[in-house]
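Student: Provided herewith: data_17.cif, mmCIF, C-alpha atoms.
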```cif
data_input
#
loop_
_atom_site.label_atom_id
_atom_site.label_comp_id
_atom_site.auth_asym_id
_atom_site.auth_seq_id
_atom_site.Cartn_x
_atom_site.Cartn_y
_atom_site.Cartn_z
CA MET A 1 17.54 20.59 -18.76
CA ASP A 2 14.30 21.16 -16.87
CA TRP A 3 14.34 20.97 -13.04
CA ARG A 4 11.81 18.12 -13.17
CA SER A 5 14.07 16.00 -15.33
CA GLU A 6 16.98 16.72 -12.97
CA ILE A 7 14.89 15.50 -10.02
CA GLY A 8 13.84 12.44 -12.03
CA ALA A 9 17.48 11.72 -12.87
CA GLY A 10 18.38 12.13 -9.20
CA LEU A 11 15.63 9.72 -8.18
CA CYS A 12 16.81 7.20 -10.77
CA LEU A 13 20.37 7.58 -9.52
CA GLY A 14 19.16 7.06 -5.94
CA PHE A 15 17.21 3.97 -7.00
CA TYR A 16 20.27 2.66 -8.85
CA MET A 17 22.48 3.19 -5.77
CA ALA A 18 19.92 1.51 -3.51
CA VAL A 19 19.76 -1.50 -5.83
CA LYS A 20 23.55 -1.75 -5.87
CA LEU A 21 23.76 -1.49 -2.07
CA LEU A 22 20.98 -3.97 -1.33
CA GLY A 23 22.05 -6.50 -3.94
CA ARG A 24 20.10 -9.74 -3.54
CA ASN A 25 18.03 -8.57 -0.59
CA ILE A 26 15.34 -6.98 -2.77
CA PRO A 27 12.60 -8.79 -4.71
CA SER A 28 13.35 -9.66 -8.30
CA VAL A 29 10.49 -7.43 -9.49
CA LEU A 30 12.38 -4.40 -8.15
CA ARG A 31 15.81 -5.62 -9.28
CA MET A 32 15.38 -4.24 -12.82
CA THR A 33 18.57 -2.20 -12.96
CA GLU A 34 21.07 -4.81 -11.74
CA GLY A 35 24.03 -4.99 -14.08
CA VAL A 36 22.65 -2.20 -16.28
CA ASP A 37 24.48 0.97 -17.27
CA LEU A 38 23.41 4.15 -15.44
CA LYS A 39 22.19 5.83 -18.65
CA ILE A 40 19.94 2.87 -19.38
CA SER A 41 18.64 2.84 -15.82
CA ARG A 42 17.59 6.50 -16.21
CA ARG A 43 15.54 5.52 -19.21
CA LEU A 44 13.80 2.84 -17.15
CA CYS A 45 12.18 5.61 -15.10
CA THR A 46 10.64 7.13 -18.25
CA LYS A 47 9.19 4.02 -19.87
CA PRO A 48 6.16 4.26 -22.14
CA GLN A 49 2.84 4.05 -20.29
CA ARG A 50 1.82 0.67 -21.74
CA ASP A 51 5.00 -1.03 -20.44
CA LEU A 52 4.38 0.41 -16.99
CA GLN A 53 0.79 -0.82 -17.08
CA SER A 54 1.86 -4.35 -17.99
CA LYS A 55 4.46 -4.38 -15.21
CA MET A 56 1.94 -3.00 -12.72
CA ARG A 57 -0.54 -5.67 -13.79
CA PHE A 58 2.11 -8.31 -13.00
CA VAL A 59 2.90 -6.64 -9.66
CA GLY A 60 -0.84 -6.39 -8.95
CA VAL A 61 -1.28 -10.13 -9.46
CA PHE A 62 1.71 -10.65 -7.18
CA LEU A 63 0.13 -8.42 -4.52
CA GLY A 64 -3.24 -10.16 -4.62
CA ARG A 65 -5.07 -8.33 -7.35
CA SER A 66 -6.54 -9.92 -10.40
CA ALA A 67 -5.31 -9.05 -13.90
CA SER A 68 -8.31 -6.74 -14.32
CA GLY A 69 -7.09 -4.63 -11.40
CA VAL A 70 -9.92 -5.58 -9.03
CA PRO A 71 -8.50 -6.28 -5.56
CA GLY A 72 -8.96 -9.84 -4.43
CA TYR A 73 -7.03 -12.82 -3.22
CA LYS A 74 -8.29 -16.38 -3.14
CA PRO A 75 -7.20 -17.78 0.24
CA THR A 76 -6.04 -21.37 0.60
CA ASP A 77 -7.65 -23.76 3.08
CA TRP A 78 -4.99 -23.00 5.68
CA GLU A 79 -5.43 -19.27 5.20
CA LYS A 80 -9.17 -19.72 5.67
CA ARG A 81 -8.44 -21.47 8.97
CA PHE A 82 -6.15 -18.60 9.92
CA LEU A 83 -8.91 -16.10 9.16
CA VAL A 84 -11.33 -18.01 11.39
CA TRP A 85 -8.82 -18.55 14.22
CA ALA A 86 -7.82 -14.88 14.15
CA GLY A 87 -11.47 -13.89 14.54
CA HIS A 88 -11.96 -12.18 11.20
CA PHE A 89 -14.83 -14.56 10.36
CA LYS A 90 -17.06 -16.77 12.52
CA ARG A 91 -16.96 -19.84 10.27
CA ALA A 92 -15.05 -20.96 7.19
CA GLU A 93 -18.30 -20.88 5.21
CA ASP A 94 -18.63 -17.13 5.92
CA ILE A 95 -15.36 -16.34 4.12
CA PRO A 96 -15.98 -14.91 0.62
CA GLU A 97 -14.25 -16.42 -2.39
CA THR A 98 -11.83 -13.50 -2.58
CA VAL A 99 -10.53 -11.39 0.29
CA SER A 100 -7.96 -8.64 0.40
CA LEU A 101 -4.36 -9.64 0.89
CA GLU A 102 -4.16 -7.20 3.80
CA THR A 103 -6.87 -9.18 5.62
CA VAL A 104 -4.91 -12.41 5.23
CA ARG A 105 -1.70 -10.72 6.36
CA ALA A 106 -3.48 -9.19 9.37
CA ALA A 107 -4.85 -12.63 10.32
CA LYS A 108 -1.38 -14.19 10.07
CA THR A 109 0.09 -11.39 12.17
CA THR A 110 -2.62 -11.84 14.80
CA LEU A 111 -1.92 -15.57 14.93
CA ARG A 112 1.83 -14.95 15.23
CA VAL A 113 1.20 -12.70 18.22
CA LYS A 114 -1.21 -15.21 19.81
CA PHE A 115 1.29 -18.02 19.26
CA SER A 116 4.05 -15.91 20.84
CA TYR A 117 1.87 -15.25 23.88
CA PHE A 118 1.10 -18.97 24.12
CA MET A 119 4.81 -19.85 23.99
CA ILE A 120 5.60 -17.24 26.65
CA ALA A 121 2.90 -18.67 28.93
CA LEU A 122 4.14 -22.21 28.28
CA THR A 123 7.69 -21.18 29.16
CA ILE A 124 6.54 -19.57 32.42
CA VAL A 125 4.52 -22.67 33.35
CA GLY A 126 7.54 -24.87 32.60
CA CYS A 127 9.78 -22.71 34.79
CA ILE A 128 7.31 -22.82 37.67
CA ALA A 129 6.99 -26.61 37.32
CA MET A 130 10.78 -27.00 37.45
CA VAL A 131 11.00 -24.83 40.56
CA VAL A 132 8.28 -26.89 42.28
CA ARG A 133 9.97 -30.18 41.35
CA GLY A 134 13.31 -28.85 42.58
CA LYS A 135 11.84 -27.86 45.94
CA GLU A 136 10.18 -31.29 46.30
CA ALA A 137 13.51 -32.96 45.52
CA MET A 138 15.21 -30.82 48.18
CA LYS A 139 12.61 -31.98 50.75
CA ARG A 140 13.57 -35.58 49.89
CA HIS A 141 17.26 -34.57 50.22
CA GLU A 142 17.92 -35.29 46.58
CA SER A 143 20.34 -33.16 44.61
CA LEU A 144 22.37 -33.58 41.47
CA THR A 145 25.53 -33.85 43.54
CA SER A 146 24.18 -36.69 45.69
CA ILE A 147 22.81 -38.52 42.64
CA ASN A 148 26.18 -38.23 40.86
CA LEU A 149 28.07 -39.43 43.95
CA GLU A 150 25.75 -42.46 44.24
CA LYS A 151 26.28 -43.33 40.55
CA LYS A 152 30.05 -43.07 40.86
CA ALA A 153 30.03 -45.24 43.98
CA GLN A 154 27.91 -47.80 42.14
CA TRP A 155 30.30 -47.79 39.16
CA ARG A 156 33.29 -48.23 41.48
CA ALA A 157 31.59 -51.19 43.19
CA GLU A 158 30.81 -52.77 39.81
CA GLY A 159 34.37 -52.14 38.68
CA ALA A 160 35.84 -53.68 41.85
CA SER A 161 33.64 -56.79 41.63
CA ALA A 162 34.43 -57.25 37.94
CA LYS A 163 38.21 -57.35 38.54
CA PRO A 164 39.57 -60.89 39.11
#
```
Translate this structure into structure tokens?
Tutor:
Amino acid sequence: MDWRSEIGAGLCLGFYMAVKLLGRNIPSVLRMTEGVDLKISRRLCTKPQRDLQSKMRFVGVFLGRSASGVPGYKPTDWEKRFLVWAGHFKRAEDIPETVSLETVRAAKTTLRVKFSYFMIALTIVGCIAMVVRGKEAMKRHESLTSINLEKKAQWRAEGASAKP
């Protein structure tokens, strides 16, 4: 056996073990060797070139490439809005018919980060507002304890007047 084939067999064995360990957590495109004998899985690494090309064409379409291999992804209306909001384009009309999938992913990531910053700021503003309202309530001598005691006294009075 040649040293290259031994390395290839080792890589196939490693891929087989990784598939077994990860189970359902990997995409179905990569889950080719699930439930397959180890000898068969070694043969999967040495498939004829045309089978690999057809699989890669399918994976390319999945990754945002057309069947001809030219990179391109047709964004939806929402993704076009994301591209504009993220600052990749000035207007929706400026967006070409096809963009790279990486550009769309980068825009979504940018918007996720902006949204996180917005939520952090909103949380801080809410906390400050609650502190201010609490201090105003303390100036009026209102507290949860006094409010609860007043409610209980009111319920007792209603209960006493309702008894015959």
Student: Atom CA of A:Lys108 to atom CA of A:Glu79: how many Å, to one decimal?
Tutor: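 So the answer is 8.1 Å.
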Student: Applied to the shown file, which residues does the PyMOL selection byres ((chain A and resi 81-88) around 10) return, written as number ranges by chain?
Tutor: A: 75-80, 89-95, 103-112, 114
Student: Mind pulling up the distance from atom CA of A:Met138 to atom CA of A:Glu150?
Tutor: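 Between these atoms lies a distance of 16.2 Å.
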Student: Quick one: pull the distance between atom CA of A:Tyr73 and atom CA of A:Leu101, Å, one decimal.
Tutor: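 Going from atom CA of A:Tyr73 over to atom CA of A:Leu101 covers 5.8 Å.
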